[in-house]
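Please read the structure below before turning to the comments.
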Amino acid sequence: MTENQTPEQGFRSGFACFVGRPNAGKSTLTNALVGQKIAIASSKPQTTRHVVRGIITRPDGQLVLIDTPGLHKPRTLLGERLNDLVKDTWSEVDIVGICLPCDQRIGPGDTFIAKQIAELENKPKVIAIATKTDLVSKDRVLSHLVDIAKLGEELGIDWAAVVPCSAELGDQLDDVERVLLDLLPEGPAWYPEGEITDEPEETLIAELIREAALEGVRDELPHSIAVMIDEILPRADRPEDKPLLDVFATIVVERDSQKGIVIGHRGARLKDIGTQARHQINRLLGTPVHLSLHVKVLKEWQRDAKYLNRLGF
Ligand SMILES: Nc1nc2c(ncn2[C@@H]2O[C@H](COP(=O)(O)OP(=O)(O)OP(=O)(O)O)[C@@H](O)[C@H]2O)c(=O)[nH]1
């Protein structure tokens with residue numbers, strides 16, 4: 001084979017996922033690297049449920065980012081399924097990036113997650129990402145990096161790299177991307193160039209609605225909310241150059257009281273949720289949408305296999 005016949009030589013490709021305690025900045029980092037809003041980012045902990053992929057294609061490599069939910073003590077069937085999903089993902093990827101936010105001391109939560117990774121049978125390469133550098137001084141970043149080195153020594157993790165960054169400001173994201181691409185094995189691209197996610201649009205739309213519904217609610221609600229897309233239909237009487245999509249979706253909660261919270265006084269909250277989600281969906285699809293939202297109580301859906309299957313878990 002001549003050189004011309006192997007244009008892909010040296011091309012690297014593979015999968016990576018970010019892990020870390022709730023709120024460590026995993027979703028924000030994924031979004032910042034991919035450059036489009038894909039993973040759900042929220043100030044409420046443990047709101048990332050679906051395995052969402054972002055795809056970064058560069059001349060010398062392709063990185064597929066997988067966004068996993070946080071690992072936590074399972075209290076429900078949903079909790080157990082999520083934990084299994086997380087561990088399955090970890091053992092399939094080439095690189096795991098442990099996100100350790102600079103504004104928090106490394107604690108039992110971080111150690112727990114790092115230990116789980118150190119103990120995986122099928123070991124991926126492991127990097128540490130010191131997230132949220134913009135929230136602290138340079139000195140604090142440095143001492144955080146020292147603590148990360150110590151964590152590695154304690155657990156027997158050989159960090160393939162340790163990179164500080166701020167996804168919020170875009171600082172050192174190039175370094176994170178470079179490190180990830182360089183650690184991938186040689187191989188051909190998995191996805192055509194230009195593709196940034198292979199999540200079905202429906203899932204992304206459901207996530208955007210869920211994100212809007214979570215905005216400003218108190219701690220107990222996030223785990224109880226799920227979103228089902230009932231139907232997505234192009235409006236029939238629209239001209240081809242001015243399409244409109246009708247999206248029908250149901251917000252599922254576990255109790256009547258939660259239904260009240262989501263709907264709000266005279267439907268005010270539900271209206272806000274609809275407006276916010278509609279803007280985000282417009283942006284995602286590049287097409288105007290009309291969004292019809294309904295709220296439904298499905299008691300104990302997190303403990304019921306039938307509902308979990310219907311909701312896609
Ligand atoms: N200042 C600052 N805030 C950040 C940065 N990255 C993330 N955040 C904020 O931290 C919070 C949590 O970020 P997420 O990206 O949702 O964190 P996560 O690790 O995906 O969280 P879970 O879904 O709960 O596992 C959000 O309010 C973000 O805006 C950063 O680089 N700088």
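Letters A, B, ... go to the chains of the structure tokens in the order shown; residues in each chain start at 1; ligands are counted from 1 in the same order.
Taking only C-alpha atoms, the non-local environment of Lys299 in chain A within 9 Å (same-chain residues fewer than 3 positions away omitted) comprises Val253, Glu254, Arg255, Asp256 and Gln302 of chain A.
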- Item | Nearest-residue call for ligand 1, choices A:Thr287, A:Gln62, A:Gln276, A:Thr30, using only C-alpha atoms and all ligand atoms | A:Thr30
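The coordinates place CA of Ile106 in chain A at 24.1 Å from CA of Leu33 in chain A.
Using only C-alpha atoms, the nearest neighbour of Pro124 in chain A within the list A:Lys87, A:Lys150, A:His223, A:Arg140 is A:Lys87.
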- Message: Which residues are near His290 in chain A? Cut-off 9 Å, only C-alpha atoms, ignore same chain within fewer than 5 positions. Put them as a ChimeraX atom specification.
- Response: /A:244-248,278
Since we have the selection now, will you write its residues out, keeping N, CA and C atoms, as a short mmCIF file (atom, residue, chain, number, x, y, z; two decimals), in the first residue's frame?
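And here's selection.cif as it stands now:
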```cif
data_model
loop_
_atom_site.label_atom_id
_atom_site.label_comp_id
_atom_site.auth_asym_id
_atom_site.auth_seq_id
_atom_site.Cartn_x
_atom_site.Cartn_y
_atom_site.Cartn_z
N LEU A 244 -43.43 24.79 10.69
CA LEU A 244 -43.67 24.89 12.14
C LEU A 244 -43.88 23.48 12.65
N LEU A 245 -43.23 23.19 13.77
CA LEU A 245 -43.39 21.84 14.33
C LEU A 245 -44.27 21.90 15.57
N ASP A 246 -45.21 20.99 15.66
CA ASP A 246 -45.98 20.85 16.89
C ASP A 246 -45.35 19.77 17.75
N VAL A 247 -44.93 20.15 18.96
CA VAL A 247 -44.35 19.16 19.87
C VAL A 247 -45.32 18.97 21.04
N PHE A 248 -45.76 17.75 21.24
CA PHE A 248 -46.65 17.42 22.36
C PHE A 248 -45.86 16.62 23.39
N ARG A 278 -39.30 26.15 24.69
CA ARG A 278 -39.57 26.39 23.26
C ARG A 278 -38.38 27.13 22.62
#
```
